[in-house]
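Heads up, start15.txt below (compact mmCIF, C-alpha atoms and all ligand atoms):
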```
# COMPACT_ATOMS: atom_id res chain seq x y z
CA MET A 1 118.45 39.69 63.13
CA GLU A 2 116.16 41.59 60.91
CA SER A 3 115.66 38.83 58.44
CA THR A 4 114.97 36.34 61.23
CA ARG A 5 112.32 38.59 62.70
CA LYS A 6 110.70 39.06 59.34
CA HIS A 7 110.73 35.36 58.74
CA HIS A 8 109.21 34.75 62.15
CA ARG A 9 106.46 37.23 61.47
CA VAL A 10 105.67 35.70 58.14
CA THR A 11 105.43 32.29 59.74
CA VAL A 12 103.05 33.54 62.40
CA THR A 13 100.98 35.35 59.87
CA ALA A 14 100.83 32.34 57.62
CA GLY A 15 99.90 30.15 60.54
CA THR A 16 97.18 32.53 61.63
CA LEU A 17 95.88 32.67 58.11
CA LEU A 18 95.76 28.92 57.97
CA ILE A 19 93.81 28.71 61.20
CA VAL A 20 91.49 31.45 60.07
CA LEU A 21 91.00 29.68 56.78
CA LEU A 22 90.38 26.33 58.45
CA VAL A 23 88.01 27.81 61.00
CA GLY A 24 86.46 29.88 58.31
CA LEU A 25 85.91 26.92 56.07
CA GLY A 26 84.45 24.92 58.90
CA GLY A 27 82.17 27.69 60.04
CA CYS A 28 81.36 29.27 56.76
CA GLY A 29 81.05 25.99 54.93
CA THR A 30 77.49 25.80 56.13
CA ALA A 31 76.99 29.48 56.71
CA ALA A 32 78.23 30.46 53.28
CA ALA A 33 75.43 28.62 51.53
CA PRO A 34 72.46 30.34 53.28
CA SER A 35 74.02 33.79 52.89
CA PRO A 36 73.71 33.94 49.10
CA SER A 37 70.23 32.45 49.24
CA GLU A 38 69.16 34.85 52.01
CA ALA A 39 70.50 37.85 50.15
CA PRO A 40 67.98 37.67 47.29
CA ALA A 41 65.16 37.10 49.78
CA PRO A 42 64.79 40.74 50.98
CA PRO A 43 64.01 42.20 47.52
CA PRO A 44 60.88 40.02 47.00
CA THR A 45 59.76 40.77 50.54
CA ALA A 46 60.18 44.53 50.21
CA PRO A 47 57.77 45.25 47.31
CA PRO A 48 54.72 43.49 48.88
CA THR A 49 55.24 45.48 52.07
CA THR A 50 55.27 48.72 50.12
CA THR A 51 52.25 47.95 47.96
CA PRO A 52 49.57 47.28 50.64
CA THR A 53 50.75 50.26 52.67
CA ALA A 54 50.53 52.61 49.73
CA THR A 55 47.00 51.60 48.74
CA PRO A 56 45.11 52.42 51.98
CA GLU A 57 47.17 55.53 52.61
CA THR A 58 46.32 57.05 49.27
CA THR A 59 42.64 56.17 49.78
CA ARG A 60 42.10 57.29 53.36
CA PRO A 61 43.32 60.90 53.28
CA ALA A 62 41.31 61.47 50.11
CA LEU A 63 38.13 60.28 51.83
CA ASN A 64 38.73 62.38 54.92
CA VAL A 65 39.53 65.48 52.93
CA ASP A 66 36.41 65.06 50.78
CA CYS A 67 33.98 64.67 53.69
CA PRO A 68 31.27 67.29 53.22
CA PRO A 69 30.19 69.14 56.36
CA PRO A 70 27.17 67.50 58.04
CA ALA A 71 23.85 69.26 57.62
CA ALA A 72 23.27 71.86 60.32
CA THR A 73 19.54 71.17 60.54
CA PRO A 74 17.54 67.93 60.40
CA ALA A 75 16.34 66.71 57.02
CA GLU A 76 12.58 67.38 56.94
CA VAL A 77 9.98 64.99 55.63
CA ALA A 78 7.95 67.01 53.14
CA GLU A 79 4.89 65.64 51.34
CA GLY A 80 5.74 62.14 52.45
CA ILE A 81 9.33 62.14 51.23
CA VAL A 82 12.73 62.93 52.70
CA THR A 83 15.99 62.65 50.81
CA ILE A 84 19.29 61.93 52.50
CA THR A 85 22.72 61.46 50.95
CA ALA A 86 25.57 59.04 51.43
CA PRO A 87 28.51 61.11 50.12
CA LEU A 88 31.73 59.80 48.65
CA GLY A 89 33.57 58.21 51.55
CA ALA A 90 30.32 57.77 53.49
CA ALA A 91 31.74 54.80 55.37
CA GLU A 92 34.00 57.33 57.12
CA CYS A 93 32.04 60.56 56.65
CA GLY A 94 28.58 59.34 57.57
CA PHE A 95 25.30 60.49 56.04
CA THR A 96 25.14 64.20 55.27
CA ALA A 97 22.02 64.29 57.48
CA HIS A 98 22.61 63.24 61.07
CA ALA A 99 18.98 63.91 61.98
CA ILE A 100 15.59 63.58 60.32
CA SER A 101 12.37 65.29 61.34
CA ALA A 102 9.16 63.43 60.47
CA PRO A 103 5.44 63.84 61.15
CA VAL A 104 3.68 61.66 63.72
CA ASP A 105 1.36 58.89 62.53
CA ALA A 106 2.09 59.36 58.84
CA ALA A 107 3.96 56.90 56.65
CA PHE A 108 6.70 58.38 54.50
CA ALA A 109 9.50 57.38 52.15
CA VAL A 110 13.21 57.87 52.64
CA VAL A 111 15.09 58.35 49.38
CA LEU A 112 18.75 57.50 49.86
CA VAL A 113 21.06 59.01 47.25
CA VAL A 114 24.41 57.21 47.25
CA GLU A 115 27.19 59.32 45.78
CA ASP A 116 29.85 56.85 46.93
CA ASN A 117 31.16 54.84 43.99
CA VAL A 118 33.38 52.71 46.22
CA LEU A 119 31.05 51.07 48.73
CA PRO A 120 27.30 50.35 48.71
CA HIS A 121 25.15 51.79 51.50
CA ASN A 122 21.62 51.49 52.79
CA PHE A 123 19.20 53.18 55.18
CA SER A 124 17.51 51.16 57.90
CA LEU A 125 15.37 52.46 60.75
CA TYR A 126 15.21 51.00 64.26
CA ALA A 127 13.24 51.68 67.42
CA ASP A 128 16.24 51.48 69.73
CA PRO A 129 19.76 52.96 69.73
CA GLU A 130 21.28 49.46 69.84
CA PHE A 131 19.70 48.73 66.45
CA HIS A 132 17.91 45.54 67.52
CA ASP A 133 14.26 46.44 66.87
CA LEU A 134 14.01 46.87 63.11
CA ILE A 135 11.24 49.10 61.72
CA ALA A 136 12.27 49.43 58.06
CA GLU A 137 15.14 47.77 56.24
CA GLY A 138 16.50 49.53 53.17
CA LYS A 139 18.10 48.00 50.11
CA TYR A 140 21.66 48.84 49.15
CA ALA A 141 22.79 51.17 46.37
CA ASN A 142 26.03 52.67 45.17
CA ALA A 143 27.28 54.88 42.39
CA ALA A 144 29.82 52.45 40.97
CA ASP A 145 27.69 51.30 38.04
CA PRO A 146 26.06 54.09 35.99
CA ALA A 147 23.63 51.53 34.57
CA ILE A 148 22.14 50.95 38.01
CA SER A 149 20.33 53.67 39.92
CA ASN A 150 22.27 55.09 42.86
CA GLN A 151 18.98 55.85 44.65
CA VAL A 152 16.90 53.53 46.78
CA THR A 153 13.61 54.27 48.48
CA THR A 154 12.77 52.83 51.85
CA ASP A 155 9.16 52.95 53.01
CA VAL A 156 8.72 53.86 56.65
CA PRO A 157 5.38 53.05 58.33
CA ALA A 158 3.44 55.55 60.44
CA LEU A 159 5.30 56.17 63.68
CA ALA A 160 4.20 57.25 67.13
CA ALA A 161 5.75 60.36 68.66
CA GLY A 162 9.29 59.63 69.74
CA ILE A 163 12.88 59.20 68.75
CA TYR A 164 14.04 56.53 66.33
CA TYR A 165 17.47 55.52 65.10
CA TYR A 166 18.72 55.01 61.59
CA ARG A 167 21.95 53.71 60.15
CA CYS A 168 23.66 52.13 57.18
CA ASP A 169 23.71 48.49 58.22
CA SER A 170 27.25 48.04 56.92
CA HIS A 171 28.81 51.17 58.41
CA ALA A 172 26.76 51.89 61.51
CA ARG A 173 29.68 53.33 63.43
CA GLN A 174 29.92 56.40 61.17
CA MET A 175 26.68 56.26 59.22
CA ASN A 176 23.91 56.83 61.74
CA GLY A 177 21.44 59.42 62.96
CA THR A 178 18.24 60.04 64.87
CA LEU A 179 14.77 60.43 63.47
CA THR A 180 12.33 62.43 65.57
CA THR A 181 8.59 62.49 65.01
CA HIS A 182 6.61 65.62 65.89
CU CU B 1 27.35 52.21 54.38
```

Mind converting the file's structure to structure tokens?
Amino acid sequence: MESTRKHHRVTVTAGTLLIVLLVGLGGCGTAAAPSPSEAPAPPPTAPPTTTPTATPETTRPALNVDCPPPAATPAEVAEGIVTITAPLGAAECGFTAHAISAPVDAAFAVVLVVEDNVLPHNFSLYADPEFHDLIAEGKYANAADPAISNQVTTDVPALAAGIYYYRCDSHARQMNGTLTTH
């Protein structure tokens, strides 16, 4: 009895194995080929995903941490000149001066000192807060190349009493402020 049972089991097992093998060959015959070729695919995909993520994340916190506090009082035009600064990370930090105080009916010069060695910035003045009516357009400067000055001067014509609006034309969202004439 025992030997018959064993033999029966073996037959069933062998039969099952055969079916599994046949089915497996049929199914895996096509599936087996993509598997090995798909397996090496993830490694090349993984490094590019890591690299772009790492670059902005190491840059952004540094810029935010280094933002100097904005000036508490407006930058004053004195003897026809006012100096404002675009600090490192200015595209996110803004100008150090968020307001400028200038005399009425007297032309003056705005000296922009760019301490940012990553991105160039400029200073442009407009009559309206939507930055459509241009009064003075400044040239760009940055601190990336020591051979080139990181300061640019923008000449502003005599202005009537009122409020005017300045920005960096490339980073207006963060780099902006109001200029008031007295
Ligand atoms: Cu800018």

**Asked** So how many Å separate atom CA of A:Asp116 and atom CA of A:Leu179, to one decimal?
**Response**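 Separating atom CA of A:Asp116 from atom CA of A:Leu179 is a distance of 22.7 Å.
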
List the neighbours of stretch 71-82 of chain A out to 6 Å using only C-alpha atoms; skip same-chain residues closer than 3 positions along the sequence, and give me the result as a PDB file with C-alpha atoms, in the coordinates of the input.
```pdb
ATOM      1  CA  THR A  96      25.140  64.200  55.270  1.00  0.00           C
ATOM      2  CA  ALA A  97      22.020  64.290  57.480  1.00  0.00           C
ATOM      3  CA  ALA A  99      18.980  63.910  61.980  1.00  0.00           C
ATOM      4  CA  ILE A 100      15.590  63.580  60.320  1.00  0.00           C
ATOM      5  CA  SER A 101      12.370  65.290  61.340  1.00  0.00           C
ATOM      6  CA  ALA A 102       9.160  63.430  60.470  1.00  0.00           C
ATOM      7  CA  PHE A 108       6.700  58.380  54.500  1.00  0.00           C
ATOM      8  CA  ALA A 109       9.500  57.380  52.150  1.00  0.00           C
ATOM      9  CA  VAL A 110      13.210  57.870  52.640  1.00  0.00           C
TER      10      VAL A 110
END
```

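Atom CA of A:Ala161 is positioned 13.1 Å from atom CA of A:Thr178.
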
**Asked** Can you tell me which residues sit at most 9 Å away from ligand CU 1 (chain B), counting all atoms listed in the file, written as a ChimeraX atom specification?
**Response** /A:86,90-92,94-95,119-123,140,167-172,174-175

Same residues, C-alpha atoms, output as a PDB file, keeping the file's coordinate frame:
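Wrote selection21.pdb, looks like this:
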```
ATOM      1  CA  ALA A  86      25.570  59.040  51.430  1.00  0.00           C
ATOM      2  CA  ALA A  90      30.320  57.770  53.490  1.00  0.00           C
ATOM      3  CA  ALA A  91      31.740  54.800  55.370  1.00  0.00           C
ATOM      4  CA  GLU A  92      34.000  57.330  57.120  1.00  0.00           C
ATOM      5  CA  GLY A  94      28.580  59.340  57.570  1.00  0.00           C
ATOM      6  CA  PHE A  95      25.300  60.490  56.040  1.00  0.00           C
ATOM      7  CA  LEU A 119      31.050  51.070  48.730  1.00  0.00           C
ATOM      8  CA  PRO A 120      27.300  50.350  48.710  1.00  0.00           C
ATOM      9  CA  HIS A 121      25.150  51.790  51.500  1.00  0.00           C
ATOM     10  CA  ASN A 122      21.620  51.490  52.790  1.00  0.00           C
ATOM     11  CA  PHE A 123      19.200  53.180  55.180  1.00  0.00           C
ATOM     12  CA  TYR A 140      21.660  48.840  49.150  1.00  0.00           C
ATOM     13  CA  ARG A 167      21.950  53.710  60.150  1.00  0.00           C
ATOM     14  CA  CYS A 168      23.660  52.130  57.180  1.00  0.00           C
ATOM     15  CA  ASP A 169      23.710  48.490  58.220  1.00  0.00           C
ATOM     16  CA  SER A 170      27.250  48.040  56.920  1.00  0.00           C
ATOM     17  CA  HIS A 171      28.810  51.170  58.410  1.00  0.00           C
ATOM     18  CA  ALA A 172      26.760  51.890  61.510  1.00  0.00           C
ATOM     19  CA  GLN A 174      29.920  56.400  61.170  1.00  0.00           C
ATOM     20  CA  MET A 175      26.680  56.260  59.220  1.00  0.00           C
TER      21      MET A 175
END
```

**Message:** Could you tell me how far atom CA of A:Leu125 sits from atom CA of A:Asn176, in Å to one decimal place?
**Reply:**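 Calculated distance between atom CA of A:Asn176 and atom CA of A:Leu125 is 9.6 Å.
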
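In this comparison, which uses all atoms listed in the file, the residue of A:Asn142, A:Gln151, A:Ser124, A:Thr85 approaching A:Tyr165 most closely is A:Ser124.
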
**Request:** With a distance cut-off of 10 Å and only C-alpha atoms, select the neighbouring residues of A:Asp128, excluding the residue or stretch itself and same-chain residues fewer than 3 positions from it, and output the selection as a ChimeraX atom specification.
**Result:** /A:125,131-135,163-166

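Residue nearest A:Val114, chosen from A:Pro69, A:Pro87, A:Pro129, A:Gly162 and counting all atoms listed in the file: A:Pro87.
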
**Message:** Give me, as an MDAnalysis selection string, all polymer residues having an atom no more than 6 Å from A:Ala143, counting all atoms listed in the file and skipping those fewer than 5 positions away in the same chain.
**Reply:** chainID A and resid 115:117 150

Give me stretch 63-177 of chain A from this structure - C-alpha atoms, as a PDB file, in the first residue's frame.
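File produced: decode.pdb:
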```pdb
ATOM      1  CA  LEU A  63      20.471  81.134   0.168  1.00  0.00           C
ATOM      2  CA  ASN A  64      17.620  81.357   2.651  1.00  0.00           C
ATOM      3  CA  VAL A  65      19.913  81.050   5.637  1.00  0.00           C
ATOM      4  CA  ASP A  66      22.244  83.743   4.291  1.00  0.00           C
ATOM      5  CA  CYS A  67      19.523  86.332   3.644  1.00  0.00           C
ATOM      6  CA  PRO A  68      20.536  89.486   5.499  1.00  0.00           C
ATOM      7  CA  PRO A  69      17.762  91.287   7.366  1.00  0.00           C
ATOM      8  CA  PRO A  70      16.150  94.033   5.253  1.00  0.00           C
ATOM      9  CA  ALA A  71      17.060  97.598   6.135  1.00  0.00           C
ATOM     10  CA  ALA A  72      14.761  99.027   8.798  1.00  0.00           C
ATOM     11  CA  THR A  73      14.769 102.509   7.291  1.00  0.00           C
ATOM     12  CA  PRO A  74      14.677 103.724   3.676  1.00  0.00           C
ATOM     13  CA  ALA A  75      17.967 104.249   1.876  1.00  0.00           C
ATOM     14  CA  GLU A  76      18.440 108.025   1.641  1.00  0.00           C
ATOM     15  CA  VAL A  77      19.660 109.878  -1.410  1.00  0.00           C
ATOM     16  CA  ALA A  78      22.542 112.012  -0.181  1.00  0.00           C
ATOM     17  CA  GLU A  79      24.405 114.479  -2.391  1.00  0.00           C
ATOM     18  CA  GLY A  80      22.802 113.007  -5.466  1.00  0.00           C
ATOM     19  CA  ILE A  81      23.706 109.393  -4.762  1.00  0.00           C
ATOM     20  CA  VAL A  82      22.065 106.437  -3.065  1.00  0.00           C
ATOM     21  CA  THR A  83      23.624 103.007  -2.774  1.00  0.00           C
ATOM     22  CA  ILE A  84      21.589  99.839  -2.534  1.00  0.00           C
ATOM     23  CA  THR A  85      22.777  96.238  -2.352  1.00  0.00           C
ATOM     24  CA  ALA A  86      21.763  92.995  -3.985  1.00  0.00           C
ATOM     25  CA  PRO A  87      23.068  90.460  -1.433  1.00  0.00           C
ATOM     26  CA  LEU A  88      24.087  86.889  -2.107  1.00  0.00           C
ATOM     27  CA  GLY A  89      20.868  85.075  -2.921  1.00  0.00           C
ATOM     28  CA  ALA A  90      19.168  88.338  -3.896  1.00  0.00           C
ATOM     29  CA  ALA A  91      16.818  86.513  -6.250  1.00  0.00           C
ATOM     30  CA  GLU A  92      15.213  85.076  -3.099  1.00  0.00           C
ATOM     31  CA  CYS A  93      16.246  87.627  -0.480  1.00  0.00           C
ATOM     32  CA  GLY A  94      15.477  90.818  -2.369  1.00  0.00           C
ATOM     33  CA  PHE A  95      17.410  94.083  -2.172  1.00  0.00           C
ATOM     34  CA  THR A  96      18.644  94.969   1.303  1.00  0.00           C
ATOM     35  CA  ALA A  97      16.733  98.260   0.896  1.00  0.00           C
ATOM     36  CA  HIS A  98      13.005  97.848   0.384  1.00  0.00           C
ATOM     37  CA  ALA A  99      12.493 101.613   0.277  1.00  0.00           C
ATOM     38  CA  ILE A 100      14.376 104.648  -0.990  1.00  0.00           C
ATOM     39  CA  SER A 101      13.843 108.252   0.019  1.00  0.00           C
ATOM     40  CA  ALA A 102      14.748 110.860  -2.612  1.00  0.00           C
ATOM     41  CA  PRO A 103      14.436 114.632  -3.006  1.00  0.00           C
ATOM     42  CA  VAL A 104      11.771 116.137  -5.264  1.00  0.00           C
ATOM     43  CA  ASP A 105      12.799 117.650  -8.597  1.00  0.00           C
ATOM     44  CA  ALA A 106      16.446 116.637  -8.348  1.00  0.00           C
ATOM     45  CA  ALA A 107      18.147 114.044 -10.520  1.00  0.00           C
ATOM     46  CA  PHE A 108      20.227 111.479  -8.674  1.00  0.00           C
ATOM     47  CA  ALA A 109      22.186 108.279  -9.231  1.00  0.00           C
ATOM     48  CA  VAL A 110      21.453 104.853  -7.857  1.00  0.00           C
ATOM     49  CA  VAL A 111      24.577 102.770  -7.286  1.00  0.00           C
ATOM     50  CA  LEU A 112      23.692  99.089  -7.214  1.00  0.00           C
ATOM     51  CA  VAL A 113      26.265  96.897  -5.486  1.00  0.00           C
ATOM     52  CA  VAL A 114      25.767  93.261  -6.446  1.00  0.00           C
ATOM     53  CA  GLU A 115      27.244  90.864  -3.914  1.00  0.00           C
ATOM     54  CA  ASP A 116      25.580  87.870  -5.571  1.00  0.00           C
ATOM     55  CA  ASN A 117      28.122  85.831  -7.508  1.00  0.00           C
ATOM     56  CA  VAL A 118      25.475  83.460  -8.831  1.00  0.00           C
ATOM     57  CA  LEU A 119      22.978  85.633 -10.702  1.00  0.00           C
ATOM     58  CA  PRO A 120      23.223  89.099 -12.265  1.00  0.00           C
ATOM     59  CA  HIS A 121      20.821  91.813 -11.082  1.00  0.00           C
ATOM     60  CA  ASN A 122      19.809  95.308 -12.062  1.00  0.00           C
ATOM     61  CA  PHE A 123      17.858  98.286 -10.740  1.00  0.00           C
ATOM     62  CA  SER A 124      15.059  99.784 -12.810  1.00  0.00           C
ATOM     63  CA  LEU A 125      12.584 102.453 -11.758  1.00  0.00           C
ATOM     64  CA  TYR A 126       8.945 102.671 -12.852  1.00  0.00           C
ATOM     65  CA  ALA A 127       6.069 105.083 -12.321  1.00  0.00           C
ATOM     66  CA  ASP A 128       3.508 102.377 -11.589  1.00  0.00           C
ATOM     67  CA  PRO A 129       3.398  99.297  -9.336  1.00  0.00           C
ATOM     68  CA  GLU A 130       2.723  97.059 -12.362  1.00  0.00           C
ATOM     69  CA  PHE A 131       6.118  98.063 -13.784  1.00  0.00           C
ATOM     70  CA  HIS A 132       4.818  99.207 -17.170  1.00  0.00           C
ATOM     71  CA  ASP A 133       5.872 102.874 -17.215  1.00  0.00           C
ATOM     72  CA  LEU A 134       9.671 102.803 -17.236  1.00  0.00           C
ATOM     73  CA  ILE A 135      11.547 105.821 -15.862  1.00  0.00           C
ATOM     74  CA  ALA A 136      15.124 104.497 -15.685  1.00  0.00           C
ATOM     75  CA  GLU A 137      16.476 101.146 -16.803  1.00  0.00           C
ATOM     76  CA  GLY A 138      19.617  99.882 -15.102  1.00  0.00           C
ATOM     77  CA  LYS A 139      22.317  97.656 -16.523  1.00  0.00           C
ATOM     78  CA  TYR A 140      23.071  94.282 -14.988  1.00  0.00           C
ATOM     79  CA  ALA A 141      26.013  93.394 -12.758  1.00  0.00           C
ATOM     80  CA  ASN A 142      27.123  90.458 -10.681  1.00  0.00           C
ATOM     81  CA  ALA A 143      30.033  89.423  -8.531  1.00  0.00           C
ATOM     82  CA  ALA A 144      30.923  86.275 -10.442  1.00  0.00           C
ATOM     83  CA  ASP A 145      33.859  87.761 -12.344  1.00  0.00           C
ATOM     84  CA  PRO A 146      36.368  89.737 -10.234  1.00  0.00           C
ATOM     85  CA  ALA A 147      37.657  91.367 -13.419  1.00  0.00           C
ATOM     86  CA  ILE A 148      34.304  93.056 -13.976  1.00  0.00           C
ATOM     87  CA  SER A 149      32.907  95.622 -11.567  1.00  0.00           C
ATOM     88  CA  ASN A 150      30.023  94.384  -9.443  1.00  0.00           C
ATOM     89  CA  GLN A 151      28.623  97.931  -9.284  1.00  0.00           C
ATOM     90  CA  VAL A 152      26.404  99.671 -11.792  1.00  0.00           C
ATOM     91  CA  THR A 153      25.090 103.205 -11.668  1.00  0.00           C
ATOM     92  CA  THR A 154      21.645 104.079 -12.915  1.00  0.00           C
ATOM     93  CA  ASP A 155      20.813 107.730 -13.516  1.00  0.00           C
ATOM     94  CA  VAL A 156      17.362 108.761 -12.364  1.00  0.00           C
ATOM     95  CA  PRO A 157      15.885 112.005 -13.744  1.00  0.00           C
ATOM     96  CA  ALA A 158      14.275 114.660 -11.561  1.00  0.00           C
ATOM     97  CA  LEU A 159      10.989 113.355 -10.199  1.00  0.00           C
ATOM     98  CA  ALA A 160       7.805 115.042  -9.053  1.00  0.00           C
ATOM     99  CA  ALA A 161       6.548 114.384  -5.535  1.00  0.00           C
ATOM    100  CA  GLY A 162       5.096 110.919  -5.314  1.00  0.00           C
ATOM    101  CA  ILE A 163       5.716 107.230  -4.999  1.00  0.00           C
ATOM    102  CA  TYR A 164       7.682 105.256  -7.556  1.00  0.00           C
ATOM    103  CA  TYR A 165       8.490 101.574  -7.863  1.00  0.00           C
ATOM    104  CA  TYR A 166      11.789  99.862  -8.428  1.00  0.00           C
ATOM    105  CA  ARG A 167      12.779  96.284  -9.085  1.00  0.00           C
ATOM    106  CA  CYS A 168      15.378  93.958 -10.523  1.00  0.00           C
ATOM    107  CA  ASP A 169      13.888  93.223 -13.925  1.00  0.00           C
ATOM    108  CA  SER A 170      14.818  89.544 -13.677  1.00  0.00           C
ATOM    109  CA  HIS A 171      13.606  88.884 -10.126  1.00  0.00           C
ATOM    110  CA  ALA A 172      10.803  91.375  -9.596  1.00  0.00           C
ATOM    111  CA  ARG A 173       8.843  89.072  -7.324  1.00  0.00           C
ATOM    112  CA  GLN A 174      11.436  89.269  -4.528  1.00  0.00           C
ATOM    113  CA  MET A 175      13.622  92.167  -5.614  1.00  0.00           C
ATOM    114  CA  ASN A 176      11.428  95.251  -5.452  1.00  0.00           C
ATOM    115  CA  GLY A 177      10.760  98.349  -3.389  1.00  0.00           C
TER     116      GLY A 177
END
```
